[in-house]
Amino acid sequence: MNLGRTVNINPSSSQFVIYSSLIITLVFNYPFISKVYESVQPNTLWEWVFFISIPILLTLINILFVSVFGAVFFPRITVAFTFLVCVFLFYASVVYGVIFDSSMLQNIVETNSGEAFSYLNISFVLFFILLGMIPVFAVLNQEIKGGFTSRIKKLLLINLVALLGIILIAGLFYKSYAAVGRNNKGLIKHIIPYAFYDAGYKYLRDTYFYPPLPYRVLDKHPVINDFKPMQPRTLVIVVGETARADKFGSNGYYRNTTPNLQRLGAVSFNNVTSCGTATAVSVPCMFSRLPRKQYDSRIASSQDNVLDIIHRAGTAVTWIDNNSSCKGVCSRIDTVAFDPHRDPTLCDGDFCLDEILVNQLNRTLKEYSSSNRVVVLHMIGSHGPTYYRRYPESYGRYQPDCPRSDIQNCTAQTLNNTYDNTIAYTDYVLGKVIGLLANVPNSAMLYISDHGESLGEKGLYLHGFPYKLAPDEQTHVPMVYWDSNLGNTAYKRCVAQRVDNPYSQDNLYDTLLGLTAVNSVTYQANLDIFSPCKI
Ligand SMILES: [Zn+2]
């Protein structure tokens with residue numbers, strides 16, 4: 001049976017464009033329209049008329065869009081392609097509450113195949129067949145009536161009507177549109193597929209069309225100061241992944257998810273915020289001199305980051321990756337790249353468990369004889385949606401967990417159990433790191449997560465929400481510090497006094513310079529968390 005023939009209505013060119021535009025508005029933009037409804041809350045007749053004008057306006061814009069982008073020559077292919085793009089965006093929006101802006105897009109482009117395939121599950125396949133394949137087959141099987149000239153005439157007419165309609169609605173409701181837009185800045189990002197096309201355009205422009213910036217050396221001659229007693233000679237920086245501050249037992253979570261960190265005397269900073277809500281933003285940003293508010297990936301990638309400065313000063317710096325990549329941060333330093341085939345006991349071909357970082361750290365610590373060294377461990381941490389693949393079965397402490405990737409179908413309890421298991425496993429790995437460092441005199445570990453995660457709160461899942469609109473769950477990150485010098489009572493007291501202070505990833509650059517005793521013209525002591533504690 002041919003699915004398309006069963007709904008073959010042989011439309012004219014204008015009918016075809018109108019029907020397609022209505023489907024884009026009423027089906028694929030259902031999340032946008034319902035968000036508008038929440039924002040407008042129409043009561044009076046005028047408010048209702050305004051609210052109803054919004055889907056009409058969107059349909060008219062769709063008519064122009066579908067026409068301009070090929071409906072004249074390739075109507076069916078244009079509409080089928082648009083539907084396919086829409087169904088992906090619609091799924092992400094309805095199921096995970098994800099919005100596509102340019103940083104989200106960057107995050108997707110820079111993801112690896114293991115991560116990308118983890119979204120493939122039976123819910124997505126069903127969704128894709130029902131709202132993607134069936135409509136697309138139906139579209140491709142339509143015979144559009146009329147010869148070329150009559151099709152053009154009809155299209156011109158419908159576009160003229162659409163244009164007049166847009167002018168009429170804009171004239172009548174201009175003030176209301178401006179007010180709703182001003183008060184709900186994120187609303188426009190929900191429009192499918194235009195927000196995605198706009199983000200795509202910006203991403204391509206910034207990545208491929210802007211000429212590359214000349215590389216800027218921020219400090220030609222950083223030097224290592226004489227070490228003060230409280231400055232570690234070996235520093236391990238652990239970049240966490242998708243860990244939420246409120247899920248750490250050491251930050252007061254009702255479950256003790258961090259027994260190892262607490263037993264080993266690590267200090268937990270409980271009021272730290274991230275730079276972005278996605279790896280591709282947060283990781284380069286946290287090592288960059290640029291503060292969050294001025295962060296620009298193009299500038300950050302073409303100038304020194306703090307690891308470059310520390311390296312230039314004469315410290316051995318190594319980046320060990322168990323995530324997709326270091327997002328450009330390790331371009332100029334020694335790197336042990338992510339390899340999902342590194343170890344058959346800890347890797348499954350797509351991912352490796354984070355314990356692999358401990359083994360590699362052990363090797364690196366033995367290799368380097370330099371008196372000053374920094375090792376960065378980049379974890380896979382709590383990366384979703386396949387949280388259950390972040391910890392070995394024996395580490396599934398909270399049960400029942402939810403061993404599936406379509407996490408929206410887990411109950412809140414099982415989803416939180418799974419996620420809490422990833423935190424408990426992170427605690428186990430950090431405990432192992434500290435265990436290694438306990439044998440290295442004058443050493444320290446600083447752990448900070450790149451961003452948090454939504455686990456169904458406010459209808460949102462995963463991360464990557466536009467920063468200004470993002471909930472705390474995505475921006476409030478754990479930061480943990482362990483130092484062999486915490487045995488010094490005065491130092492420990494000074495550090496402990498700072499755990500409730502509001503810090504952010506903007507503090508990392510100077511804190512790392514301070515910890516590694518690097519004297520640089522780029523250093524700002526007021527941002528160094530531990531500068532008042534150095535004796
Ligand atoms: Zn991340």
# chains A, B, ... in the order shown; residues from 1 in each chain; ligands from 1

$ residues_near_ligand --ligand "ligand 1" --cutoff "9 Å" --atoms "only C-alpha atoms and all ligand atoms" --output "PyMOL selection string"
chain A and resi 107+240-243+277-283+323+380-383+449-452+463-464

$ residues_around --residues "Leu157 of chain A" --least-positions-apart "6" --cutoff "12 Å" --atoms "only C-alpha atoms" --output "PyMOL selection string"
chain A and resi 13-15+17-18+63-64+67+150-151+163-164

$ write_last_selection --atoms "N, CA, C and O atoms" --output "JSON list (two decimals), in the first residue's frame"
[["chain", "number", "residue", "atom", "x", "y", "z"],
["A", 13, "SER", "N", -0.97, 24.66, -6.71],
["A", 13, "SER", "CA", 0.29, 25.10, -6.10],
["A", 13, "SER", "C", 0.04, 25.97, -4.87],
["A", 13, "SER", "O", 0.72, 25.85, -3.86],
["A", 14, "SER", "N", -0.99, 26.81, -4.95],
["A", 14, "SER", "CA", -1.23, 27.68, -3.80],
["A", 14, "SER", "C", -1.82, 26.90, -2.63],
["A", 14, "SER", "O", -1.45, 27.10, -1.48],
["A", 15, "GLN", "N", -2.72, 25.95, -2.95],
["A", 15, "GLN", "CA", -3.28, 25.11, -1.86],
["A", 15, "GLN", "C", -2.16, 24.32, -1.17],
["A", 15, "GLN", "O", -2.12, 24.23, 0.05],
["A", 17, "VAL", "N", 0.95, 25.06, -0.84],
["A", 17, "VAL", "CA", 1.76, 25.93, 0.04],
["A", 17, "VAL", "C", 0.97, 26.30, 1.30],
["A", 17, "VAL", "O", 1.51, 26.30, 2.40],
["A", 18, "ILE", "N", -0.33, 26.56, 1.12],
["A", 18, "ILE", "CA", -1.14, 26.94, 2.29],
["A", 18, "ILE", "C", -1.25, 25.78, 3.28],
["A", 18, "ILE", "O", -1.04, 25.94, 4.48],
["A", 63, "ILE", "N", 4.13, 30.84, 4.40],
["A", 63, "ILE", "CA", 3.80, 30.86, 2.96],
["A", 63, "ILE", "C", 4.92, 31.55, 2.18],
["A", 63, "ILE", "O", 5.41, 31.03, 1.17],
["A", 64, "LEU", "N", 5.36, 32.71, 2.70],
["A", 64, "LEU", "CA", 6.45, 33.42, 2.02],
["A", 64, "LEU", "C", 7.72, 32.56, 2.02],
["A", 64, "LEU", "O", 8.39, 32.43, 1.00],
["A", 67, "SER", "N", 7.57, 29.53, -0.29],
["A", 67, "SER", "CA", 7.59, 29.99, -1.69],
["A", 67, "SER", "C", 8.99, 30.41, -2.09],
["A", 67, "SER", "O", 9.51, 29.97, -3.11],
["A", 150, "SER", "N", 0.54, 28.61, -14.76],
["A", 150, "SER", "CA", -0.59, 28.77, -13.84],
["A", 150, "SER", "C", -0.13, 28.57, -12.39],
["A", 150, "SER", "O", -0.63, 29.22, -11.47],
["A", 151, "ARG", "N", 0.85, 27.68, -12.18],
["A", 151, "ARG", "CA", 1.40, 27.50, -10.82],
["A", 151, "ARG", "C", 2.04, 28.79, -10.33],
["A", 151, "ARG", "O", 1.85, 29.22, -9.19],
["A", 163, "LEU", "N", 1.53, 38.75, 2.06],
["A", 163, "LEU", "CA", 2.25, 39.99, 2.37],
["A", 163, "LEU", "C", 1.30, 41.06, 2.90],
["A", 163, "LEU", "O", 1.58, 41.71, 3.92],
["A", 164, "LEU", "N", 0.15, 41.18, 2.25],
["A", 164, "LEU", "CA", -0.84, 42.17, 2.71],
["A", 164, "LEU", "C", -1.33, 41.81, 4.11],
["A", 164, "LEU", "O", -1.50, 42.68, 4.97]]

$ atom_distance --atom1 "atom CA of Tyr177 of chain A" --atom2 "atom CA of Ala195 of chain A"
17.3 Å

$ closest_residue --among "A:Pro471, A:Leu58, A:Ile448, A:Val68" --to "Leu156 of chain A" --atoms "only C-alpha atoms"
A:Val68

$ closest_residue --among "A:Leu353, A:Leu462, A:Ile122, A:Cys285" --to "Ala300 of chain A" --atoms "only C-alpha atoms"
A:Cys285

$ select_by_dssp --residues "segment 366-399 of chain A" --states "helix (DSSP H, G or I)" --output "number ranges by chain"
A: 366-367, 387-390, 393-395

$ closest_atom_pairs --of "segment 473-507 of chain A" --to "segment 422-430 of chain A" --cutoff "12 Å" --atoms "only C-alpha atoms" --output "tab-separated table"
residue	atom	partner	partner_atom	distance
A:Pro478	CA	A:Ile423	CA	10.6
A:Met479	CA	A:Leu430	CA	11.8
A:Val480	CA	A:Leu430	CA	9.5
A:Tyr481	CA	A:Leu430	CA	10.4
A:Trp482	CA	A:Leu430	CA	9.8

$ residues_around --residues "Ile52 of chain A" --least-positions-apart "6" --cutoff "12 Å" --atoms "only C-alpha atoms" --output "ChimeraX atom specification"
/A:25-26,33-34,36-37,40-42,45-46,58-59,169,173

$ write_last_selection --atoms "N, CA and C atoms" --output "short mmCIF file (atom, residue, chain, number, x, y, z; two decimals), in the first residue's frame"
data_model
loop_
_atom_site.label_atom_id
_atom_site.label_comp_id
_atom_site.auth_asym_id
_atom_site.auth_seq_id
_atom_site.Cartn_x
_atom_site.Cartn_y
_atom_site.Cartn_z
N THR A 25 2.66 25.54 11.19
CA THR A 25 2.19 26.37 12.31
C THR A 25 1.49 25.52 13.37
N LEU A 26 0.50 24.76 12.94
CA LEU A 26 -0.40 24.14 13.93
C LEU A 26 0.18 22.86 14.54
N ILE A 33 3.20 28.05 20.15
CA ILE A 33 1.88 28.65 20.36
C ILE A 33 1.44 28.47 21.82
N SER A 34 1.74 27.31 22.39
CA SER A 34 1.31 27.13 23.79
C SER A 34 2.12 28.03 24.72
N VAL A 36 3.22 30.99 23.84
CA VAL A 36 2.64 32.31 23.63
C VAL A 36 1.36 32.44 24.47
N TYR A 37 0.57 31.38 24.47
CA TYR A 37 -0.68 31.40 25.23
C TYR A 37 -0.40 31.67 26.71
N VAL A 40 0.64 35.41 26.97
CA VAL A 40 -0.39 36.43 26.68
C VAL A 40 -1.57 36.30 27.65
N GLN A 41 -1.91 35.08 28.01
CA GLN A 41 -3.08 34.80 28.86
C GLN A 41 -4.29 35.63 28.44
N PRO A 42 -4.82 35.38 27.23
CA PRO A 42 -5.89 36.24 26.72
C PRO A 42 -7.17 36.16 27.56
N LEU A 45 -11.77 40.26 24.57
CA LEU A 45 -11.95 39.92 23.15
C LEU A 45 -10.73 40.37 22.35
N TRP A 46 -10.25 41.60 22.65
CA TRP A 46 -9.09 42.14 21.91
C TRP A 46 -7.85 41.24 22.10
N LEU A 58 2.09 33.67 11.64
CA LEU A 58 3.13 32.66 11.42
C LEU A 58 2.87 31.87 10.13
N THR A 59 1.59 31.56 9.89
CA THR A 59 1.24 30.84 8.66
C THR A 59 1.56 31.69 7.43
N ILE A 169 -1.72 42.80 9.93
CA ILE A 169 -1.56 42.35 11.33
C ILE A 169 -0.53 43.23 12.04
N PHE A 173 -1.60 45.33 15.30
CA PHE A 173 -1.16 44.83 16.61
C PHE A 173 0.28 45.16 16.95
#

$ residues_around --residues "Ile191 of chain A" --least-positions-apart "5" --cutoff "10 Å" --atoms "only C-alpha atoms" --output "list in words"
Ile24, Thr25, Phe28, Asn29, Tyr30, Pro31, Phe32, Ile33, Leu58, Leu89, Phe90, Ile99, Phe100 and Phe196 of chain A

$ write_last_selection --atoms "N, CA, C and O atoms" --output "PDB file, in the first residue's frame"
ATOM      1  N   ILE A  24       2.984  23.434   9.413  1.00  0.00           N
ATOM      2  CA  ILE A  24       4.162  23.945  10.134  1.00  0.00           C
ATOM      3  C   ILE A  24       3.712  24.763  11.355  1.00  0.00           C
ATOM      4  O   ILE A  24       4.278  24.649  12.436  1.00  0.00           O
ATOM      5  N   THR A  25       2.658  25.545  11.190  1.00  0.00           N
ATOM      6  CA  THR A  25       2.189  26.367  12.311  1.00  0.00           C
ATOM      7  C   THR A  25       1.486  25.516  13.372  1.00  0.00           C
ATOM      8  O   THR A  25       1.846  25.563  14.546  1.00  0.00           O
ATOM      9  N   PHE A  28       3.882  21.636  14.093  1.00  0.00           N
ATOM     10  CA  PHE A  28       5.275  21.753  14.548  1.00  0.00           C
ATOM     11  C   PHE A  28       5.491  22.940  15.490  1.00  0.00           C
ATOM     12  O   PHE A  28       6.427  22.933  16.273  1.00  0.00           O
ATOM     13  N   ASN A  29       4.624  23.954  15.393  1.00  0.00           N
ATOM     14  CA  ASN A  29       4.805  25.087  16.298  1.00  0.00           C
ATOM     15  C   ASN A  29       3.846  25.045  17.476  1.00  0.00           C
ATOM     16  O   ASN A  29       3.652  26.060  18.146  1.00  0.00           O
ATOM     17  N   TYR A  30       3.297  23.874  17.729  1.00  0.00           N
ATOM     18  CA  TYR A  30       2.436  23.755  18.908  1.00  0.00           C
ATOM     19  C   TYR A  30       3.164  24.204  20.188  1.00  0.00           C
ATOM     20  O   TYR A  30       2.588  24.946  20.997  1.00  0.00           O
ATOM     21  N   PRO A  31       4.456  23.809  20.365  1.00  0.00           N
ATOM     22  CA  PRO A  31       5.140  24.268  21.589  1.00  0.00           C
ATOM     23  C   PRO A  31       5.239  25.797  21.648  1.00  0.00           C
ATOM     24  O   PRO A  31       5.051  26.393  22.713  1.00  0.00           O
ATOM     25  N   PHE A  32       5.500  26.429  20.507  1.00  0.00           N
ATOM     26  CA  PHE A  32       5.613  27.894  20.481  1.00  0.00           C
ATOM     27  C   PHE A  32       4.263  28.529  20.810  1.00  0.00           C
ATOM     28  O   PHE A  32       4.160  29.405  21.662  1.00  0.00           O
ATOM     29  N   ILE A  33       3.201  28.046  20.154  1.00  0.00           N
ATOM     30  CA  ILE A  33       1.881  28.651  20.364  1.00  0.00           C
ATOM     31  C   ILE A  33       1.442  28.469  21.817  1.00  0.00           C
ATOM     32  O   ILE A  33       0.867  29.374  22.417  1.00  0.00           O
ATOM     33  N   LEU A  58       2.090  33.668  11.637  1.00  0.00           N
ATOM     34  CA  LEU A  58       3.135  32.659  11.417  1.00  0.00           C
ATOM     35  C   LEU A  58       2.865  31.875  10.129  1.00  0.00           C
ATOM     36  O   LEU A  58       3.777  31.605   9.349  1.00  0.00           O
ATOM     37  N   LEU A  89      13.315  19.217  15.323  1.00  0.00           N
ATOM     38  CA  LEU A  89      13.230  20.342  16.262  1.00  0.00           C
ATOM     39  C   LEU A  89      12.043  20.165  17.197  1.00  0.00           C
ATOM     40  O   LEU A  89      12.111  20.457  18.388  1.00  0.00           O
ATOM     41  N   PHE A  90      10.937  19.686  16.619  1.00  0.00           N
ATOM     42  CA  PHE A  90       9.715  19.478  17.385  1.00  0.00           C
ATOM     43  C   PHE A  90       9.950  18.430  18.485  1.00  0.00           C
ATOM     44  O   PHE A  90       9.567  18.611  19.636  1.00  0.00           O
ATOM     45  N   ILE A  99      15.910  24.255  23.231  1.00  0.00           N
ATOM     46  CA  ILE A  99      15.792  25.350  22.274  1.00  0.00           C
ATOM     47  C   ILE A  99      17.083  25.407  21.470  1.00  0.00           C
ATOM     48  O   ILE A  99      18.163  25.252  22.027  1.00  0.00           O
ATOM     49  N   PHE A 100      16.967  25.666  20.187  1.00  0.00           N
ATOM     50  CA  PHE A 100      18.185  25.739  19.372  1.00  0.00           C
ATOM     51  C   PHE A 100      18.637  27.176  19.213  1.00  0.00           C
ATOM     52  O   PHE A 100      17.988  27.953  18.534  1.00  0.00           O
ATOM     53  N   PHE A 196      16.045  27.845  14.403  1.00  0.00           N
ATOM     54  CA  PHE A 196      17.128  26.929  14.046  1.00  0.00           C
ATOM     55  C   PHE A 196      17.900  27.453  12.831  1.00  0.00           C
ATOM     56  O   PHE A 196      19.129  27.442  12.807  1.00  0.00           O
TER      57      PHE A 196
END

$ closest_residue --among "A:Asn183, A:Gly171, A:Asp101, A:Gly276" --to "Asp198 of chain A" --atoms "only C-alpha atoms"
A:Asp101

$ atom_distance --atom1 "atom CA of Asp308 of chain A" --atom2 "atom CA of Gln474 of chain A"
28.3 Å

$ closest_residue --among "A:Phe117, A:Tyr91, A:Phe209, A:Phe248" --to "Pro385 of chain A" --atoms "only C-alpha atoms"
A:Phe117

$ residues_around --residues "segment 77-79 of chain A" --least-positions-apart "4" --cutoff "10 Å" --atoms "only C-alpha atoms" --output "MDAnalysis selection string"
chainID A and resid 16:17 20:21 24 66:73 83:85 135:136 139:140

$ write_last_selection --atoms "N, CA and C atoms" --output "CSV table (one decimal), in the first residue's frame"
chain,number,residue,atom,x,y,z
A,16,PHE,N,-1.3,23.8,-2.0
A,16,PHE,CA,-0.2,23.0,-1.4
A,16,PHE,C,0.7,23.8,-0.4
A,17,VAL,N,1.0,25.1,-0.8
A,17,VAL,CA,1.8,25.9,0.0
A,17,VAL,C,1.0,26.3,1.3
A,20,SER,N,0.7,23.2,3.7
A,20,SER,CA,2.0,22.9,4.3
A,20,SER,C,2.3,24.0,5.4
A,21,SER,N,2.0,25.2,5.1
A,21,SER,CA,2.3,26.3,6.0
A,21,SER,C,1.4,26.1,7.3
A,24,ILE,N,3.0,23.4,9.4
A,24,ILE,CA,4.2,23.9,10.1
A,24,ILE,C,3.7,24.8,11.4
A,66,VAL,N,8.2,29.2,2.4
A,66,VAL,CA,8.1,28.0,1.5
A,66,VAL,C,8.2,28.4,0.1
A,67,SER,N,7.6,29.5,-0.3
A,67,SER,CA,7.6,30.0,-1.7
A,67,SER,C,9.0,30.4,-2.1
A,68,VAL,N,9.6,31.2,-1.2
A,68,VAL,CA,10.9,31.8,-1.6
A,68,VAL,C,12.0,30.6,-1.7
A,69,PHE,N,11.8,29.7,-0.8
A,69,PHE,CA,12.8,28.6,-0.7
A,69,PHE,C,12.5,27.4,-1.6
A,70,GLY,N,11.9,27.7,-2.8
A,70,GLY,CA,11.9,26.6,-3.7
A,70,GLY,C,10.5,26.1,-4.1
A,71,ALA,N,9.4,26.7,-3.6
A,71,ALA,CA,8.1,26.1,-3.9
A,71,ALA,C,7.8,26.4,-5.4
A,72,VAL,N,8.5,27.3,-6.0
A,72,VAL,CA,8.2,27.6,-7.4
A,72,VAL,C,8.7,26.5,-8.3
A,73,PHE,N,9.9,26.0,-8.0
A,73,PHE,CA,10.4,24.9,-8.9
A,73,PHE,C,10.3,23.5,-8.3
A,83,PHE,N,9.7,19.8,6.5
A,83,PHE,CA,9.0,18.9,7.5
A,83,PHE,C,10.0,18.1,8.3
A,84,LEU,N,11.0,17.6,7.5
A,84,LEU,CA,12.0,16.7,8.2
A,84,LEU,C,12.8,17.5,9.2
A,85,VAL,N,13.2,18.8,8.9
A,85,VAL,CA,13.9,19.6,9.8
A,85,VAL,C,13.0,19.9,11.0
A,135,PRO,N,4.2,12.1,6.9
A,135,PRO,CA,3.9,13.3,6.2
A,135,PRO,C,4.8,13.5,4.9
A,136,VAL,N,6.0,13.1,5.0
A,136,VAL,CA,6.9,13.3,3.9
A,136,VAL,C,6.5,12.5,2.7
A,139,VAL,N,3.5,14.1,1.2
A,139,VAL,CA,3.9,15.3,0.4
A,139,VAL,C,4.5,14.9,-0.9
A,140,LEU,N,5.4,13.9,-0.9
A,140,LEU,CA,6.1,13.6,-2.1
A,140,LEU,C,5.2,12.9,-3.2

$ atom_distance --atom1 "atom CA of Tyr391 of chain A" --atom2 "atom CA of Phe127 of chain A"
28.9 Å

$ residues_around --residues "Tyr398 of chain A" --least-positions-apart "3" --cutoff "8 Å" --atoms "only C-alpha atoms" --output "list in words"
Asp401, Asn417, Thr418, Asp420 and Asn421 of chain A

$ write_last_selection --atoms "N, CA and C atoms" --output "tab-separated table (two decimals), in the first residue's frame"
chain	number	residue	atom	x	y	z
A	401	ASP	N	17.03	2.06	38.83
A	401	ASP	CA	17.48	3.15	37.95
A	401	ASP	C	16.74	3.04	36.62
A	417	ASN	N	17.44	8.49	40.39
A	417	ASN	CA	18.32	7.42	40.88
A	417	ASN	C	19.50	7.22	39.92
A	418	THR	N	19.19	7.17	38.62
A	418	THR	CA	20.25	6.97	37.62
A	418	THR	C	21.24	8.11	37.68
A	420	ASP	N	21.82	10.21	40.12
A	420	ASP	CA	22.58	10.20	41.39
A	420	ASP	C	23.69	9.14	41.37
A	421	ASN	N	23.44	8.04	40.66
A	421	ASN	CA	24.50	7.03	40.52
A	421	ASN	C	25.71	7.61	39.77

$ residues_around --residues "Asp483 of chain A" --least-positions-apart "3" --cutoff "7 Å" --atoms "only C-alpha atoms" --output "ChimeraX atom specification"
/A:443-445,486

$ write_last_selection --atoms "N, CA, C and O atoms" --output "PDB file, in the first residue's frame"
ATOM      1  N   SER A 443      50.624  18.400  46.558  1.00  0.00           N
ATOM      2  CA  SER A 443      49.779  18.269  45.372  1.00  0.00           C
ATOM      3  C   SER A 443      48.354  18.702  45.701  1.00  0.00           C
ATOM      4  O   SER A 443      47.966  18.785  46.874  1.00  0.00           O
ATOM      5  N   ALA A 444      47.594  18.998  44.650  1.00  0.00           N
ATOM      6  CA  ALA A 444      46.216  19.453  44.858  1.00  0.00           C
ATOM      7  C   ALA A 444      45.327  19.023  43.708  1.00  0.00           C
ATOM      8  O   ALA A 444      45.812  18.710  42.611  1.00  0.00           O
ATOM      9  N   MET A 445      44.024  19.017  43.957  1.00  0.00           N
ATOM     10  CA  MET A 445      43.036  18.740  42.907  1.00  0.00           C
ATOM     11  C   MET A 445      41.927  19.775  42.973  1.00  0.00           C
ATOM     12  O   MET A 445      41.426  20.101  44.051  1.00  0.00           O
ATOM     13  N   LEU A 486      45.947  21.293  52.938  1.00  0.00           N
ATOM     14  CA  LEU A 486      44.801  21.531  53.824  1.00  0.00           C
ATOM     15  C   LEU A 486      45.062  20.964  55.220  1.00  0.00           C
ATOM     16  O   LEU A 486      44.312  21.225  56.161  1.00  0.00           O
TER      17      LEU A 486
END
